[in-house]
file protein_36.cif (mmCIF, C-alpha atoms and all ligand atoms; chains and numbers go by the auth columns)
data_my_file
#
loop_
_atom_site.group_PDB
_atom_site.id
_atom_site.type_symbol
_atom_site.label_atom_id
_atom_site.label_comp_id
_atom_site.label_asym_id
_atom_site.label_seq_id
_atom_site.Cartn_x
_atom_site.Cartn_y
_atom_site.Cartn_z
_atom_site.B_iso_or_equiv
_atom_site.auth_seq_id
_atom_site.auth_asym_id
ATOM 1 C CA MET A 1 -51.593 4.578 78.056 0.00 15 O
ATOM 2 C CA VAL A 2 -50.618 5.224 74.430 0.00 16 O
ATOM 3 C CA ARG A 3 -51.559 2.413 72.082 0.00 17 O
ATOM 4 C CA VAL A 4 -49.119 1.165 69.460 0.00 18 O
ATOM 5 C CA ILE A 5 -50.323 -1.275 66.840 0.00 19 O
ATOM 6 C CA LEU A 6 -47.972 -3.736 65.200 0.00 20 O
ATOM 7 C CA SER A 7 -48.962 -4.276 61.605 0.00 21 O
ATOM 8 C CA SER A 8 -48.147 -7.984 61.717 0.00 22 O
ATOM 9 C CA GLY A 9 -49.896 -11.206 62.563 0.00 23 O
ATOM 10 C CA ASN A 10 -46.650 -13.191 62.862 0.00 24 O
ATOM 11 C CA GLN A 11 -46.489 -14.376 66.492 0.00 25 O
ATOM 12 C CA HIS A 12 -42.685 -14.671 66.463 0.00 26 O
ATOM 13 C CA LYS A 13 -42.290 -11.084 65.316 0.00 27 O
ATOM 14 C CA ILE A 14 -44.934 -9.816 67.714 0.00 28 O
ATOM 15 C CA SER A 15 -43.241 -11.369 70.737 0.00 29 O
ATOM 16 C CA GLU A 16 -39.815 -10.137 69.581 0.00 30 O
ATOM 17 C CA LEU A 17 -41.120 -6.585 69.173 0.00 31 O
ATOM 18 C CA LYS A 18 -43.082 -6.632 72.426 0.00 32 O
ATOM 19 C CA SER A 19 -40.070 -7.729 74.419 0.00 33 O
ATOM 20 C CA ILE A 20 -37.845 -5.036 72.862 0.00 34 O
ATOM 21 C CA LEU A 21 -40.445 -2.296 73.431 0.00 35 O
ATOM 22 C CA GLY A 22 -41.232 -3.549 76.945 0.00 36 O
ATOM 23 C CA GLU A 23 -39.446 -0.652 78.670 0.00 37 O
ATOM 24 C CA PHE A 24 -41.880 1.945 77.312 0.00 38 O
ATOM 25 C CA ASP A 25 -45.154 2.758 78.986 0.00 39 O
ATOM 26 C CA LEU A 26 -47.071 1.632 75.913 0.00 40 O
ATOM 27 C CA GLU A 27 -49.916 -0.703 75.137 0.00 41 O
ATOM 28 C CA VAL A 28 -48.303 -2.750 72.372 0.00 42 O
ATOM 29 C CA ILE A 29 -50.849 -4.828 70.504 0.00 43 O
ATOM 30 C CA SER A 30 -50.977 -6.567 67.169 0.00 44 O
ATOM 31 C CA LYS A 31 -53.464 -5.848 64.394 0.00 45 O
ATOM 32 C CA ASN A 32 -55.070 -9.215 65.247 0.00 46 O
ATOM 33 C CA ASP A 33 -55.985 -7.936 68.727 0.00 47 O
ATOM 34 C CA ILE A 34 -58.133 -5.185 67.213 0.00 48 O
ATOM 35 C CA GLY A 35 -59.958 -7.311 64.658 0.00 49 O
ATOM 36 C CA TYR A 36 -57.684 -6.711 61.677 0.00 50 O
ATOM 37 C CA SER A 37 -56.257 -10.219 61.341 0.00 51 O
ATOM 38 C CA GLU A 38 -57.561 -10.377 57.765 0.00 52 O
ATOM 39 C CA PHE A 39 -56.142 -6.961 56.883 0.00 53 O
ATOM 40 C CA GLU A 40 -53.226 -7.470 54.503 0.00 54 O
ATOM 41 C CA VAL A 41 -51.595 -5.050 52.088 0.00 55 O
ATOM 42 C CA GLU A 42 -50.026 -6.232 48.892 0.00 56 O
ATOM 43 C CA GLU A 43 -46.269 -6.110 49.371 0.00 57 O
ATOM 44 C CA ASP A 44 -45.620 -5.013 45.810 0.00 58 O
ATOM 45 C CA GLY A 45 -42.849 -2.478 46.417 0.00 59 O
ATOM 46 C CA ASP A 46 -39.366 -2.970 44.974 0.00 60 O
ATOM 47 C CA THR A 47 -37.744 -2.240 48.327 0.00 61 O
ATOM 48 C CA LEU A 48 -38.159 -3.103 51.994 0.00 62 O
ATOM 49 C CA GLU A 49 -38.593 0.634 52.625 0.00 63 O
ATOM 50 C CA GLU A 50 -41.607 0.912 50.322 0.00 64 O
ATOM 51 C CA ASN A 51 -43.283 -2.201 51.713 0.00 65 O
ATOM 52 C CA SER A 52 -42.838 -1.357 55.375 0.00 66 O
ATOM 53 C CA LEU A 53 -44.135 2.190 54.859 0.00 67 O
ATOM 54 C CA LYS A 54 -47.145 0.928 52.937 0.00 68 O
ATOM 55 C CA LYS A 55 -47.977 -1.596 55.681 0.00 69 O
ATOM 56 C CA ALA A 56 -47.762 1.049 58.412 0.00 70 O
ATOM 57 C CA MET A 57 -49.585 3.797 56.518 0.00 71 O
ATOM 58 C CA GLU A 58 -52.528 1.655 55.420 0.00 72 O
ATOM 59 C CA LEU A 59 -53.207 0.533 58.982 0.00 73 O
ATOM 60 C CA TRP A 60 -52.822 4.094 60.304 0.00 74 O
ATOM 61 C CA LYS A 61 -55.480 5.198 57.795 0.00 75 O
ATOM 62 C CA LYS A 62 -57.831 2.598 59.311 0.00 76 O
ATOM 63 C CA THR A 63 -57.063 3.193 63.002 0.00 77 O
ATOM 64 C CA GLY A 64 -55.428 6.599 63.551 0.00 78 O
ATOM 65 C CA ASN A 65 -53.170 4.980 66.175 0.00 79 O
ATOM 66 C CA ILE A 66 -49.391 4.893 66.153 0.00 80 O
ATOM 67 C CA VAL A 67 -48.508 1.985 63.852 0.00 81 O
ATOM 68 C CA ILE A 68 -45.247 0.080 63.486 0.00 82 O
ATOM 69 C CA ALA A 69 -44.568 -2.139 60.483 0.00 83 O
ATOM 70 C CA ASP A 70 -41.449 -3.986 59.481 0.00 84 O
ATOM 71 C CA ASP A 71 -40.255 -5.584 56.319 0.00 85 O
ATOM 72 C CA THR A 72 -37.313 -7.912 56.254 0.00 86 O
ATOM 73 C CA GLY A 73 -35.254 -9.563 53.559 0.00 87 O
ATOM 74 C CA LEU A 74 -32.359 -11.976 53.418 0.00 88 O
ATOM 75 C CA PHE A 75 -29.707 -10.897 50.892 0.00 89 O
ATOM 76 C CA VAL A 76 -27.245 -13.569 49.715 0.00 90 O
ATOM 77 C CA GLU A 77 -24.099 -12.216 48.081 0.00 91 O
ATOM 78 C CA TYR A 78 -23.410 -15.241 45.832 0.00 92 O
ATOM 79 C CA LEU A 79 -26.983 -14.952 44.467 0.00 93 O
ATOM 80 C CA ASN A 80 -26.688 -11.221 43.751 0.00 94 O
ATOM 81 C CA GLY A 81 -28.927 -10.326 46.661 0.00 95 O
ATOM 82 C CA GLU A 82 -31.588 -13.025 46.278 0.00 96 O
ATOM 83 C CA PRO A 83 -34.095 -13.627 47.805 0.00 97 O
ATOM 84 C CA GLY A 84 -34.092 -10.007 49.105 0.00 98 O
ATOM 85 C CA VAL A 85 -37.474 -8.327 48.980 0.00 99 O
ATOM 86 C CA TYR A 86 -38.975 -11.649 47.831 0.00 100 O
ATOM 87 C CA SER A 87 -37.814 -13.579 50.907 0.00 101 O
ATOM 88 C CA ALA A 88 -41.325 -14.593 52.020 0.00 102 O
ATOM 89 C CA ARG A 89 -42.302 -16.061 48.672 0.00 103 O
ATOM 90 C CA TYR A 90 -38.943 -17.261 47.345 0.00 104 O
ATOM 91 C CA ALA A 91 -40.206 -20.780 46.575 0.00 105 O
ATOM 92 C CA GLY A 92 -43.559 -19.524 45.221 0.00 106 O
ATOM 93 C CA GLU A 93 -46.711 -17.709 46.346 0.00 107 O
ATOM 94 C CA ASP A 94 -47.660 -20.350 48.952 0.00 108 O
ATOM 95 C CA ALA A 95 -44.095 -21.075 49.981 0.00 109 O
ATOM 96 C CA THR A 96 -43.419 -22.521 53.434 0.00 110 O
ATOM 97 C CA TYR A 97 -40.371 -21.658 55.531 0.00 111 O
ATOM 98 C CA GLU A 98 -39.044 -25.177 54.824 0.00 112 O
ATOM 99 C CA GLY A 99 -39.631 -24.741 51.069 0.00 113 O
ATOM 100 C CA ASN A 100 -37.758 -21.432 51.001 0.00 114 O
ATOM 101 C CA ASN A 101 -34.843 -22.864 52.983 0.00 115 O
ATOM 102 C CA LYS A 102 -34.660 -25.927 50.743 0.00 116 O
ATOM 103 C CA LEU A 103 -34.596 -23.798 47.582 0.00 117 O
ATOM 104 C CA LEU A 104 -31.891 -21.538 48.963 0.00 118 O
ATOM 105 C CA LEU A 105 -29.736 -24.511 50.000 0.00 119 O
ATOM 106 C CA GLU A 106 -30.199 -26.041 46.540 0.00 120 O
ATOM 107 C CA LYS A 107 -29.107 -22.811 44.852 0.00 121 O
ATOM 108 C CA LEU A 108 -25.989 -22.813 47.026 0.00 122 O
ATOM 109 C CA GLU A 109 -25.207 -26.491 46.528 0.00 123 O
ATOM 110 C CA ASN A 110 -21.436 -27.032 46.338 0.00 124 O
ATOM 111 C CA VAL A 111 -20.760 -23.383 47.160 0.00 125 O
ATOM 112 C CA PRO A 112 -18.071 -23.352 49.872 0.00 126 O
ATOM 113 C CA ILE A 113 -18.846 -21.786 53.222 0.00 127 O
ATOM 114 C CA VAL A 114 -16.572 -18.772 52.638 0.00 128 O
ATOM 115 C CA LYS A 115 -18.678 -17.780 49.627 0.00 129 O
ATOM 116 C CA ARG A 116 -22.007 -18.063 51.459 0.00 130 O
ATOM 117 C CA LYS A 117 -22.043 -14.524 52.860 0.00 131 O
ATOM 118 C CA ALA A 118 -25.468 -13.053 53.528 0.00 132 O
ATOM 119 C CA TYR A 119 -27.191 -10.439 55.592 0.00 133 O
ATOM 120 C CA PHE A 120 -30.634 -9.833 56.952 0.00 134 O
ATOM 121 C CA LYS A 121 -31.983 -6.324 56.681 0.00 135 O
ATOM 122 C CA THR A 122 -35.064 -5.018 58.452 0.00 136 O
ATOM 123 C CA VAL A 123 -36.674 -1.698 57.734 0.00 137 O
ATOM 124 C CA VAL A 124 -39.133 -0.525 60.363 0.00 138 O
ATOM 125 C CA SER A 125 -41.569 2.251 59.565 0.00 139 O
ATOM 126 C CA ILE A 126 -43.522 4.038 62.235 0.00 140 O
ATOM 127 C CA VAL A 127 -46.445 6.336 61.571 0.00 141 O
ATOM 128 C CA ASP A 128 -47.495 8.603 64.433 0.00 142 O
ATOM 129 C CA SER A 129 -51.073 9.528 65.227 0.00 143 O
ATOM 130 C CA ASN A 130 -50.832 12.567 62.894 0.00 144 O
ATOM 131 C CA GLY A 131 -49.791 10.395 59.968 0.00 145 O
ATOM 132 C CA THR A 132 -46.135 11.474 59.977 0.00 146 O
ATOM 133 C CA SER A 133 -43.794 8.624 59.069 0.00 147 O
ATOM 134 C CA PHE A 134 -40.293 7.756 60.282 0.00 148 O
ATOM 135 C CA LYS A 135 -37.978 4.940 59.245 0.00 149 O
ATOM 136 C CA VAL A 136 -35.102 3.021 60.811 0.00 150 O
ATOM 137 C CA GLU A 137 -33.154 -0.063 59.792 0.00 151 O
ATOM 138 C CA GLY A 138 -31.046 -2.842 61.216 0.00 152 O
ATOM 139 C CA ILE A 139 -28.635 -5.256 59.573 0.00 153 O
ATOM 140 C CA CYS A 140 -27.210 -8.584 60.749 0.00 154 O
ATOM 141 C CA LYS A 141 -24.374 -10.181 58.793 0.00 155 O
ATOM 142 C CA GLY A 142 -23.693 -13.894 58.573 0.00 156 O
ATOM 143 C CA LEU A 143 -23.332 -16.959 56.385 0.00 157 O
ATOM 144 C CA ILE A 144 -25.805 -19.448 54.937 0.00 158 O
ATOM 145 C CA GLY A 145 -25.058 -22.793 56.574 0.00 159 O
ATOM 146 C CA LEU A 146 -24.601 -26.042 54.669 0.00 160 O
ATOM 147 C CA GLU A 147 -27.687 -27.538 56.337 0.00 161 O
ATOM 148 C CA PRO A 148 -30.407 -26.446 58.802 0.00 162 O
ATOM 149 C CA GLU A 149 -29.378 -26.359 62.479 0.00 163 O
ATOM 150 C CA GLY A 150 -31.603 -25.605 65.489 0.00 164 O
ATOM 151 C CA ASP A 151 -35.334 -25.548 66.252 0.00 165 O
ATOM 152 C CA ASN A 152 -36.069 -22.032 67.519 0.00 166 O
ATOM 153 C CA GLY A 153 -37.213 -18.980 65.595 0.00 167 O
ATOM 154 C CA PHE A 154 -38.795 -18.990 62.164 0.00 168 O
ATOM 155 C CA GLY A 155 -38.149 -18.431 58.476 0.00 169 O
ATOM 156 C CA TYR A 156 -34.515 -18.696 57.464 0.00 170 O
ATOM 157 C CA ASP A 157 -33.300 -18.900 61.084 0.00 171 O
ATOM 158 C CA PRO A 158 -32.091 -22.552 60.867 0.00 172 O
ATOM 159 C CA ILE A 159 -29.771 -21.797 57.943 0.00 173 O
ATOM 160 C CA PHE A 160 -28.484 -18.352 58.963 0.00 174 O
ATOM 161 C CA ILE A 161 -25.206 -18.499 60.913 0.00 175 O
ATOM 162 C CA VAL A 162 -24.604 -15.219 62.698 0.00 176 O
ATOM 163 C CA GLU A 163 -21.216 -13.612 61.972 0.00 177 O
ATOM 164 C CA GLY A 164 -18.707 -14.224 64.723 0.00 178 O
ATOM 165 C CA LEU A 165 -20.991 -16.497 66.746 0.00 179 O
ATOM 166 C CA ASN A 166 -20.814 -19.767 64.823 0.00 180 O
ATOM 167 C CA LYS A 167 -24.418 -20.675 65.444 0.00 181 O
ATOM 168 C CA THR A 168 -27.679 -20.125 63.669 0.00 182 O
ATOM 169 C CA PHE A 169 -30.499 -17.907 64.884 0.00 183 O
ATOM 170 C CA ALA A 170 -32.475 -21.129 65.379 0.00 184 O
ATOM 171 C CA GLN A 171 -29.869 -22.226 67.934 0.00 185 O
ATOM 172 C CA MET A 172 -30.429 -19.098 70.034 0.00 186 O
ATOM 173 C CA THR A 173 -32.996 -18.178 72.656 0.00 187 O
ATOM 174 C CA ASP A 174 -35.358 -15.327 71.774 0.00 188 O
ATOM 175 C CA SER A 175 -33.449 -12.859 73.916 0.00 189 O
ATOM 176 C CA GLU A 176 -30.117 -13.878 72.405 0.00 190 O
ATOM 177 C CA LYS A 177 -31.544 -13.497 68.907 0.00 191 O
ATOM 178 C CA ASN A 178 -32.946 -10.056 69.801 0.00 192 O
ATOM 179 C CA LYS A 179 -29.494 -8.954 70.876 0.00 193 O
ATOM 180 C CA TYR A 180 -27.904 -9.643 67.480 0.00 194 O
ATOM 181 C CA SER A 181 -30.767 -9.653 65.013 0.00 195 O
ATOM 182 C CA HIS A 182 -31.540 -7.187 62.246 0.00 196 O
ATOM 183 C CA ARG A 183 -35.010 -6.650 63.760 0.00 197 O
ATOM 184 C CA GLY A 184 -33.630 -6.202 67.271 0.00 198 O
ATOM 185 C CA LYS A 185 -31.196 -3.563 66.015 0.00 199 O
ATOM 186 C CA ALA A 186 -33.859 -1.788 63.956 0.00 200 O
ATOM 187 C CA VAL A 187 -36.313 -1.688 66.843 0.00 201 O
ATOM 188 C CA ARG A 188 -33.625 -0.440 69.232 0.00 202 O
ATOM 189 C CA ASN A 189 -32.924 2.315 66.686 0.00 203 O
ATOM 190 C CA LEU A 190 -36.639 3.075 66.842 0.00 204 O
ATOM 191 C CA LYS A 191 -36.507 3.839 70.540 0.00 205 O
ATOM 192 C CA ASN A 192 -35.328 7.434 70.047 0.00 206 O
ATOM 193 C CA ILE A 193 -38.123 8.095 67.587 0.00 207 O
ATOM 194 C CA ILE A 194 -40.729 6.627 69.930 0.00 208 O
ATOM 195 C CA GLY A 195 -39.305 8.780 72.713 0.00 209 O
ATOM 196 C CA GLU A 196 -39.819 11.879 70.526 0.00 210 O
ATOM 197 C CA ILE A 197 -43.319 10.864 69.446 0.00 211 O
ATOM 198 C CA LEU A 198 -44.382 10.306 73.056 0.00 212 O
ATOM 199 C CA LYS A 199 -43.114 13.740 74.244 0.00 213 O
HETATM 200 P P1 LIG B . -41.336 -9.998 56.290 0.00 301 O
HETATM 201 O O1 LIG B . -41.711 -9.374 54.989 0.00 301 O
HETATM 202 O O2 LIG B . -40.750 -9.038 57.243 0.00 301 O
HETATM 203 O O3 LIG B . -42.475 -10.795 56.859 0.00 301 O
HETATM 204 O O4 LIG B . -40.183 -11.047 56.037 0.00 301 O
HETATM 205 C C1 LIG B . -40.123 -11.770 54.836 0.00 301 O
HETATM 206 C C2 LIG B . -39.609 -13.159 55.054 0.00 301 O
HETATM 207 O O5 LIG B . -38.269 -13.075 55.530 0.00 301 O
HETATM 208 C C3 LIG B . -40.363 -13.989 56.090 0.00 301 O
HETATM 209 O O6 LIG B . -41.407 -14.686 55.525 0.00 301 O
HETATM 210 C C4 LIG B . -39.283 -14.931 56.571 0.00 301 O
HETATM 211 O O7 LIG B . -39.188 -16.021 55.697 0.00 301 O
HETATM 212 C C5 LIG B . -38.027 -14.103 56.458 0.00 301 O
HETATM 213 N N1 LIG B . -37.677 -13.503 57.749 0.00 301 O
HETATM 214 C C6 LIG B . -38.039 -12.299 58.242 0.00 301 O
HETATM 215 N N2 LIG B . -37.483 -12.087 59.436 0.00 301 O
HETATM 216 C C7 LIG B . -36.751 -13.197 59.710 0.00 301 O
HETATM 217 C C8 LIG B . -35.946 -13.590 60.821 0.00 301 O
HETATM 218 O O8 LIG B . -35.779 -12.894 61.826 0.00 301 O
HETATM 219 N N3 LIG B . -35.383 -14.791 60.714 0.00 301 O
HETATM 220 C C9 LIG B . -35.525 -15.617 59.654 0.00 301 O
HETATM 221 N N4 LIG B . -36.271 -15.305 58.601 0.00 301 O
HETATM 222 C C10 LIG B . -36.881 -14.096 58.631 0.00 301 O
#
call {"tool": "encode", "arguments": {"input": "protein_36.cif", "output": "structure tokens"}}
result
Amino acid sequence: MVRVILSSGNQHKISELKSILGEFDLEVISKNDIGYSEFEVEEDGDTLEENSLKKAMELWKKTGNIVIADDTGLFVEYLNGEPGVYSARYAGEDATYEGNNKLLLEKLENVPIVKRKAYFKTVVSIVDSNGTSFKVEGICKGLIGLEPEGDNGFGYDPIFIVEGLNKTFAQMTDSEKNKYSHRGKAVRNLKNIIGEILK
């Protein structure tokens, strides 16, 4: 069976990706499963594209396996695209999910709901066993809620209301989130590429 390594140690992301890639005859494992839990690359690119490619390529150099890496950002229109590529460390280097959410809600204090438009964007890079890279993306539009709602998911999920659904990602089951999410869309877009790589 062909092995695919996910260049992430985030359990939420790993289970999301595994469930979306479940239909392929692949051994999908995370970098942690092969002893690379400490392996981190500095996400110093100016774009999601640069960071996801760097994460995938560096792990391919170490393993030679097919590697998938994603980079995601939340882009808030009223804040000119903040936090964007800095979403993980919006409230500082050691920021927690709660800290990031709190800061974002503070920056949007008194901003009415109609002006709280935002979108998540995920860029997924895949490097095949020859070192050739491919890229896909997925976008999910929504609004930043007035306060956190829901207990599922991670990151900005409790404050991101999905367009047209009137509930946050944190109020959805994993499979429901996968259906609408930026990452779900990006990984579904990846399926064609994986099909080609596996030929
Ligand atoms: P990453 O670089 O892909 O790990 O994502 C950067 C940051 O964006 C994470 O630390 C989370 O705070 C946030 N993030 C990424 N994906 C999601 C998601 O699906 N829901 C909510 N927040 C997310």
call {"tool": "resolve_selection", "arguments": {"input": "protein_36.cif", "expression": "the PyMOL selection byres (((chain O and resi 142) around 10) and not hetatm)", "output": "list in words"}}
result
Val18, Ala70, Met71, Trp74, Gly78, Asn79, Ile80, Val81, Ile82, Ser139, Ile140, Val141, Ser143, Asn144, Gly145, Thr146, Ser147, Phe148, Ile207, Ile208, Ile211 and Leu212 of chain O
call {"tool": "resolve_selection", "arguments": {"input": "protein_36.cif", "expression": "the PyMOL selection byres (((chain O and resi 173) around 6) and not hetatm)", "output": "list in words"}}
result
Ile158, Gly159, Pro162, Tyr170, Asp171, Pro172 and Phe174 of chain O
call {"tool": "write_last_selection", "arguments": {"input": "protein_36.cif", "atoms": "C-alpha atoms", "output": "PDB file, keeping the file's coordinate frame"}}
result
ATOM      1  CA  ILE O 158     -25.805 -19.448  54.937  1.00  0.00           C
ATOM      2  CA  GLY O 159     -25.058 -22.793  56.574  1.00  0.00           C
ATOM      3  CA  PRO O 162     -30.407 -26.446  58.802  1.00  0.00           C
ATOM      4  CA  TYR O 170     -34.515 -18.696  57.464  1.00  0.00           C
ATOM      5  CA  ASP O 171     -33.300 -18.900  61.084  1.00  0.00           C
ATOM      6  CA  PRO O 172     -32.091 -22.552  60.867  1.00  0.00           C
ATOM      7  CA  PHE O 174     -28.484 -18.352  58.963  1.00  0.00           C
TER       8      PHE O 174
END
call {"tool": "resolve_selection", "arguments": {"input": "protein_36.cif", "expression": "the PyMOL selection byres (((not hetatm)) within 8 of (chain O and resi 301))", "output": "ChimeraX atom specification"}}
result
/O:22,24,27,57,62,84-88,99-103,111,114,134,136,167-172,174,183,195-197
call {"tool": "closest_residue", "arguments": {"input": "protein_36.cif", "among": "O:Lys155, O:Lys68, O:Arg202, O:Lys116", "to": "Leu179 of chain O", "atoms": "all atoms listed in the file"}}
result
O:Lys155
call {"tool": "closest_residue", "arguments": {"input": "protein_36.cif", "among": "O:Ile127, O:Asn94, O:Val201, O:Lys135", "to": "Asn180 of chain O", "atoms": "only C-alpha atoms"}}
result
O:Ile127
call {"tool": "closest_residue", "arguments": {"input": "protein_36.cif", "among": "O:Ala200, O:Asp60, O:Lys213, O:Ala132", "to": "Glu151 of chain O", "atoms": "all atoms listed in the file"}}
result
O:Ala200
call {"tool": "residues_around", "arguments": {"input": "protein_36.cif", "residues": "Arg17 of chain O", "least_positions_apart": "2", "cutoff": "7 Å", "atoms": "all atoms listed in the file", "output": "ChimeraX atom specification"}}
result
/O:15,19,40-42,79-80
call {"tool": "write_last_selection", "arguments": {"input": "protein_36.cif", "atoms": "C-alpha atoms", "output": "PDB file, in the frame of the given file"}}
result
ATOM      1  CA  MET O  15     -51.593   4.578  78.056  1.00  0.00           C
ATOM      2  CA  ILE O  19     -50.323  -1.275  66.840  1.00  0.00           C
ATOM      3  CA  LEU O  40     -47.071   1.632  75.913  1.00  0.00           C
ATOM      4  CA  GLU O  41     -49.916  -0.703  75.137  1.00  0.00           C
ATOM      5  CA  VAL O  42     -48.303  -2.750  72.372  1.00  0.00           C
ATOM      6  CA  ASN O  79     -53.170   4.980  66.175  1.00  0.00           C
ATOM      7  CA  ILE O  80     -49.391   4.893  66.153  1.00  0.00           C
TER       8      ILE O  80
END
call {"tool": "closest_residue", "arguments": {"input": "protein_36.cif", "among": "O:Lys199, O:Glu91, O:Glu107, O:Ser21", "to": "Lys129 of chain O", "atoms": "all atoms listed in the file"}}
result
O:Glu91
call {"tool": "atom_distance", "arguments": {"input": "protein_36.cif", "atom1": "atom CA of Thr187 of chain O", "atom2": "atom CA of Asn166 of chain O"}}
result
7.1 Å
call {"tool": "decode", "arguments": {"input": "protein_36.cif", "residues": "segment 96-103 of chain O", "atoms": "all heavy atoms", "output": "compact mmCIF listing (two decimals), in the first residue's frame"}}
result
# COMPACT_ATOMS: atom_id res chain seq x y z
N GLU O 96 -6.59 40.56 8.01
CA GLU O 96 -6.03 39.98 9.24
C GLU O 96 -6.94 38.85 9.71
O GLU O 96 -8.13 38.94 9.46
CB GLU O 96 -6.02 41.03 10.38
CG GLU O 96 -4.81 41.89 10.45
CD GLU O 96 -4.87 42.82 11.67
OE1 GLU O 96 -5.39 42.40 12.73
OE2 GLU O 96 -4.41 43.95 11.55
N PRO O 97 -6.45 37.88 10.43
CA PRO O 97 -5.05 37.57 10.74
C PRO O 97 -4.31 36.88 9.60
O PRO O 97 -3.09 36.79 9.64
CB PRO O 97 -5.15 36.65 11.97
CG PRO O 97 -6.50 36.02 11.89
CD PRO O 97 -7.39 37.03 11.20
N GLY O 98 -5.03 36.37 8.58
CA GLY O 98 -4.40 35.82 7.38
C GLY O 98 -3.33 34.78 7.66
O GLY O 98 -3.55 33.84 8.42
N VAL O 99 -2.17 35.02 7.07
CA VAL O 99 -1.08 34.04 7.19
C VAL O 99 -0.57 33.93 8.64
O VAL O 99 0.08 32.96 9.01
CB VAL O 99 0.03 34.38 6.16
CG1 VAL O 99 0.84 35.56 6.59
CG2 VAL O 99 0.90 33.19 5.84
N TYR O 100 -0.94 34.90 9.47
CA TYR O 100 -0.52 34.89 10.87
C TYR O 100 -1.59 34.32 11.81
O TYR O 100 -1.55 34.57 13.02
CB TYR O 100 -0.16 36.32 11.33
CG TYR O 100 0.88 36.95 10.45
CD1 TYR O 100 0.55 37.97 9.56
CD2 TYR O 100 2.19 36.49 10.46
CE1 TYR O 100 1.50 38.51 8.70
CE2 TYR O 100 3.15 37.02 9.61
CZ TYR O 100 2.79 38.03 8.74
OH TYR O 100 3.74 38.55 7.89
N SER O 101 -2.54 33.58 11.27
CA SER O 101 -3.68 33.13 12.07
C SER O 101 -3.27 32.34 13.32
O SER O 101 -3.89 32.48 14.37
CB SER O 101 -4.63 32.27 11.22
OG SER O 101 -5.23 33.09 10.24
N ALA O 102 -2.24 31.51 13.22
CA ALA O 102 -1.85 30.68 14.37
C ALA O 102 -1.30 31.51 15.51
O ALA O 102 -1.50 31.19 16.68
CB ALA O 102 -0.82 29.64 13.94
N ARG O 103 -0.60 32.58 15.16
CA ARG O 103 0.07 33.36 16.22
C ARG O 103 -0.44 34.80 16.30
O ARG O 103 0.32 35.72 16.58
CB ARG O 103 1.58 33.31 16.01
CG ARG O 103 2.04 33.54 14.60
CD ARG O 103 3.53 33.25 14.42
NE ARG O 103 4.03 33.74 13.14
CZ ARG O 103 3.88 33.10 11.98
NH1 ARG O 103 3.23 31.98 11.92
NH2 ARG O 103 4.38 33.62 10.86
